[in-house]
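I have placed the structure first, in the form of C-alpha cells, so that the comments after it can refer back to it.
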Amino acid sequence: MTDRLDSFTRSQWIVIEDDAGIVRRAPFETLLFSIPIRVANGPDGPRIHRLDTGEALPVLRRYGYVWSALDPAPRPLFEVPEFDEAGRRFTPCGPVGVKTSALRVIENFLDLAHFPFVHPGILGTESETEVIPYRVEIRRDVDEVWAVDCGFFQPKAMAASSAGAQVEYRYRVAQPCSAVLYKTSPGRAGAFDLIGILVRPLHETACEVHAWMLMWDEESSDESLLQFQQEIFLQDRIILENQIPHLLPLSAGMEIPTRADATSIAYRRWLKNHGVIWGTCEGIPEVTA
Amino acid sequence: MILYEHVLSSDCYKLRLMFDLLGMDYERRPVDMYPGHADQKPAFRALSPFGRLPVLQDGNLTIWDAQAALLYIAERGDASSSWTARSVEERANIQTWLQVAGGPLRAVAAARARNLFGDASSEDGLLDVITIIDDRIVEQEIHGSEWLVSDRPTIADVAVFPDIALHEDAGISLDAYCGLRRWLGAFASLPGFAPMPGVASM
Amino acid sequence: MSMRQTEASAWHVVGGWNHVQPGAACRVELPGAEIALWRTEAGAVHAWDNRCPHRGMRLSFGIVKGDRLACRYHGWHYDEGGQCRFIPAHPNLDPPDTLAVAQHATHEQDEAIWVALGAGPTEPPPPLGTDQPGFCRSIPLPFGADTAADVLMRLAGASPVAPRLMQVRPEIGGSNRTVTLAVQPIDETRAAMHVFLDGGPKADARLAAIRWTVGLRWQITSETGAAA
C-alpha cells in the first residue's frame, strides 16, 4: 500500500501521541501510513522505530504532542503562535479511532453546513441553516488553505457559553492531515479560541484523530471541556464512517458541492495540486469502498 | 441525586435516559474517564470499587452498578410503577434482560471501546447477543408488543437500549436485524427520549 | 450471461413487509450494489443508491420527512423521484435537475419487499407460496448464496422451486406446512434468508415458523462453525 504514499504526504510531520499519552502508554506499537512502528520513551525523550526495517524515525516534540515522519528530513512544522500566549489553556482530548481516510476527517472539520444536522442544539439549529458567503484563500507564503469571515449562529458554541451567539470562524488547513479553527471566545472579548485536529493515518481508510483546544477559559472544569469536545467529535464520527467511498474524491464529478463548500473545494484542489494520492480516490479507476 | 458519569459511556447514557424519560432532575458530575482514566484512580475506586462508571449517589446511598442504579431511579421516580415489575412473572422477565445488559451485552460495549479508544477486547458472543435480543423482539411483536417485557416499555428496555443503539460505533450492522431496528425506533419515539453521540438514525 | 448480469436483472427478496416501516430507512446489500431502502410516511417503498450526491453520506441514515428523504449530514431533501428539492445551506436556491439519486425497481407482494437493480425485469416476481404466503423471519447467512442453497438443502431438506427460492414442508404447530425460503445474495461470503409460511395470517403458526427458523439458524451455526 505504501506505493500510494506520495512525496508531499510522506514529507509531513504526523502526530503520534500527546505528551501525557506517551508517558502513560509507551512503549507501544502502532501504525504510520500502514507501516508498523514502535514508540518508546527514555531519558532523552521518545524514540520511534519502524518495525519492518528497524530504521529510526525523526522525532519532534511540539504543541504538547510528539510527532514523527517516514521521511528522514520532513518539511518544517506549521506555526501556531497562540501556543506562546500566556494565560491560554491547553487541553488535548485523547485519540479516537475512525475508519475512514484522514482527509475525510479534515474536510468534515472544515464544514459549516452540517452544524444544524449533526450537532443540533450545540453548534447549530435547524431554524438557522444558511451558510453566509465567506472568503477562501491559499496563503502562498506558508502554503496553507484559509477560510475567513465565516459566521454561524450557535446555540452553545463552547463549553463556557451561556447562551446562543453569532460566532465568527476562521479555518486553516496547515497540513493535509492537520487543521485549526479560530472561533470567537466566550471567555475574552475580541479574542479567538483555537480548536485543532491532528490526524494520523493508520491505513488509507483508517486513522487516529487527536483533537486539542487552546482557549481563554478559566471557568470550565477539565472534565466539562473534554466532554464538550468529545461529544461533538463523536457526533461527527458516525457521519465520517458512513461517507462512501472512504477515500476522498479529488476529481470533480464524483461529488457535487455548493457555494457553502468553498473551503472543501479549495482543500481538494490544494491536495490535487500537491500531487496527494494517499487517502484519495486518485489512481483508483472504480472506487467502491 | 448525583450522577458521576462520562458523556460517551453507554452505561451512563442508560441512567441519563431513565432520568429524562421520567422527567427527573439530577446533577451531572463528569469524570475524566478518557483520556485521563480517572475511573481507574484510587479516589474514584473509593466510590466504585471495580472502577466502573456510572456511580449514583442519593444522600448516603452510593450505587456503583448500572443496572442496580437504573432500578433505583425507576423505583424512586416512577409513582405509577410503569417502568418496573407489576407481577412476579414480569419481575423474572425484567431481571433476565437486566442480567443480559450487565453480562453478554458488555461484549458490544467492549467492541465499541476498542474502536473508539483502542482498548483490548474480545468479540466472543457478540453476534449471539444481538441475535437473541432480535429474536425476543420479533416474538413479542407476534404477541402484539413492541417491548422486551410485557406490553409497555420497562427498565429492561432502558438497560439494553444504549449498547444496541450504539451498534455503529461497535462496528455491528443491524441491516439484517429488522426487529431491533423497529424496537430502536419505538424507543426513540418515547416522550423525553434524547440521543447521544453515535446513536444512529432510527 | 455472466452471474453478475443474471443477478442484476433479477428480482430479489430483501425482507418482509416490516423490514422497513413507514417513515424509516435502512441499508440493503445486493451483489455489487448498496441500497438505501426507505418508506414515505404514507408507506410507499423506495430503493435508491445509498449515497448522497453531495458528500457521499449513506442515505440509509437519512430522516424521512413526509414523502421526502433528508440526508443526515447536511439535510438535503430528495423527493420520491430522487430529485433534490432543498439545500438548507442555501434555502433560496432551486436545486438543479442534475442533482438526483439513482433509483432501483421495487415491488411488494406476498408480504415481501422485492428489489431489482436499475429498471428491473418487465415481469413481476414469482409467488412465494400457493396459499396466502405470509412473512415470518429473516436471518443473515455467513456464506454466499450458492453455498446457502446447498446448506439449506442439506440441513433443512429444502428443494429449489425457482432461482433463489426453495421450499420445505416441516411440521409447524402440529401439521406439515409449506415454507418458502427466499435467498438474497450479497457477496461471496454473505447472504440472507427470508422465510414465508403458507396458510394465511395465523399468529400461532407464524410463531411456530419463527421458532423453526431460529432452530435452523442455530443448526447452521453449530454445523458450519460460523457465527450466527
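By convention in this document, the chains of the C-alpha cells carry letters A, B, ... by their order, each chain's residues are numbered from 1, and ligands are numbered from 1 in the order they are shown.
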
Need to verify the contact set: range 205-221 of chain C, 9 Å, only C-alpha atoms, exclusion of same-chain residues closer than 4 positions in sequence. Can you return it as a VMD selection string? (chain B and resid 135 138 to 139 142 to 143) or (chain C and resid 134 to 142 151 to 152 155 to 156 170 to 173 179 195 to 197 199 201 225 to 228)

From a DSSP pass on the backbone, collect the residues of range 12-196 of chain C flagged as alpha helix (DSSP H) and hand them back as a ChimeraX atom specification. /C:145-156

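With the cut-off set to 7 Å and only C-alpha atoms counted, chain B residues close to chain A are Val7, Leu8, Pro30, Val31, Asp32, Tyr34, Pro35, Asn115, Leu116, Phe117, Pro197 and Gly198 of chain B.
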
Closest atom pairs, residues of chain C within 12 Å of chain A, only C-alpha atoms, as a tab-separated table:
```
residue	atom	partner	partner_atom	distance
C:Arg27	CA	A:Asn242	CA	11.3
C:Gly32	CA	A:Thr288	CA	8.8
C:Ala33	CA	A:Thr288	CA	9.2
C:Glu34	CA	A:Thr288	CA	9.7
C:Asp49	CA	A:Ile244	CA	11.2
C:Asn50	CA	A:Ile244	CA	8.8
C:Arg51	CA	A:Ile244	CA	6.9
C:Cys52	CA	A:Glu255	CA	8.4
C:Pro53	CA	A:Glu255	CA	5.4
C:His54	CA	A:Ile256	CA	4.6
C:Arg55	CA	A:Glu255	CA	5.7
C:Gly56	CA	A:Gln243	CA	4.9
C:Met57	CA	A:Gln243	CA	4.2
C:Arg58	CA	A:Asn242	CA	5.8
C:Leu59	CA	A:Asn242	CA	9.3
C:Ser60	CA	A:Asn242	CA	9.6
C:Phe61	CA	A:Asn242	CA	8.5
C:Gly62	CA	A:Phe117	CA	10.7
C:Ile63	CA	A:Phe117	CA	10.5
C:Ala70	CA	A:Phe117	CA	10.1
C:Cys71	CA	A:Phe117	CA	9.1
C:Arg72	CA	A:Phe117	CA	6.6
C:Tyr73	CA	A:His114	CA	5.8
C:His74	CA	A:His114	CA	4.7
C:Gly75	CA	A:Phe117	CA	6.4
C:Trp76	CA	A:Phe117	CA	10.2
C:Cys84	CA	A:Ile256	CA	11.7
C:Phe86	CA	A:Thr129	CA	11.6
C:Ile87	CA	A:Glu130	CA	9.0
C:Pro88	CA	A:Thr129	CA	5.5
C:Ala89	CA	A:Glu130	CA	4.2
C:His90	CA	A:Glu130	CA	5.5
C:Pro91	CA	A:Glu130	CA	6.4
C:Asn92	CA	A:Glu130	CA	9.2
C:Leu93	CA	A:Thr258	CA	10.2
C:Asp94	CA	A:Thr258	CA	11.9
C:Pro95	CA	A:Thr258	CA	10.0
C:Pro96	CA	A:Ile256	CA	11.0
C:Thr98	CA	A:Ile256	CA	9.7
C:Leu99	CA	A:Ile256	CA	7.9
C:Ala100	CA	A:Ile256	CA	10.4
C:Val101	CA	A:Glu255	CA	11.7
```

Can you tell me how far CA of Asp110 in chain C sits from CA of Pro126 in chain C, in Å to one decimal?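 Computed distance, CA of Asp110 in chain C to CA of Pro126 in chain C, equals 9.8 Å.
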
Distance-based interface of chain B with chain C, 10 Å, counting only C-alpha atoms, as a PyMOL selection string: chain B and resi 124-132+135+138-144+173-179+181-182+185+200-202

Strand (DSSP E or B) residues, from DSSP on the backbone, in range 39-188 of chain C, as a PyMOL selection string: chain C and resi 39+45-49+57+63-65+68-70+77-78+83-86+100+103-109+112-116+134-141+159-162+165-168+171-172+175-176+179-187
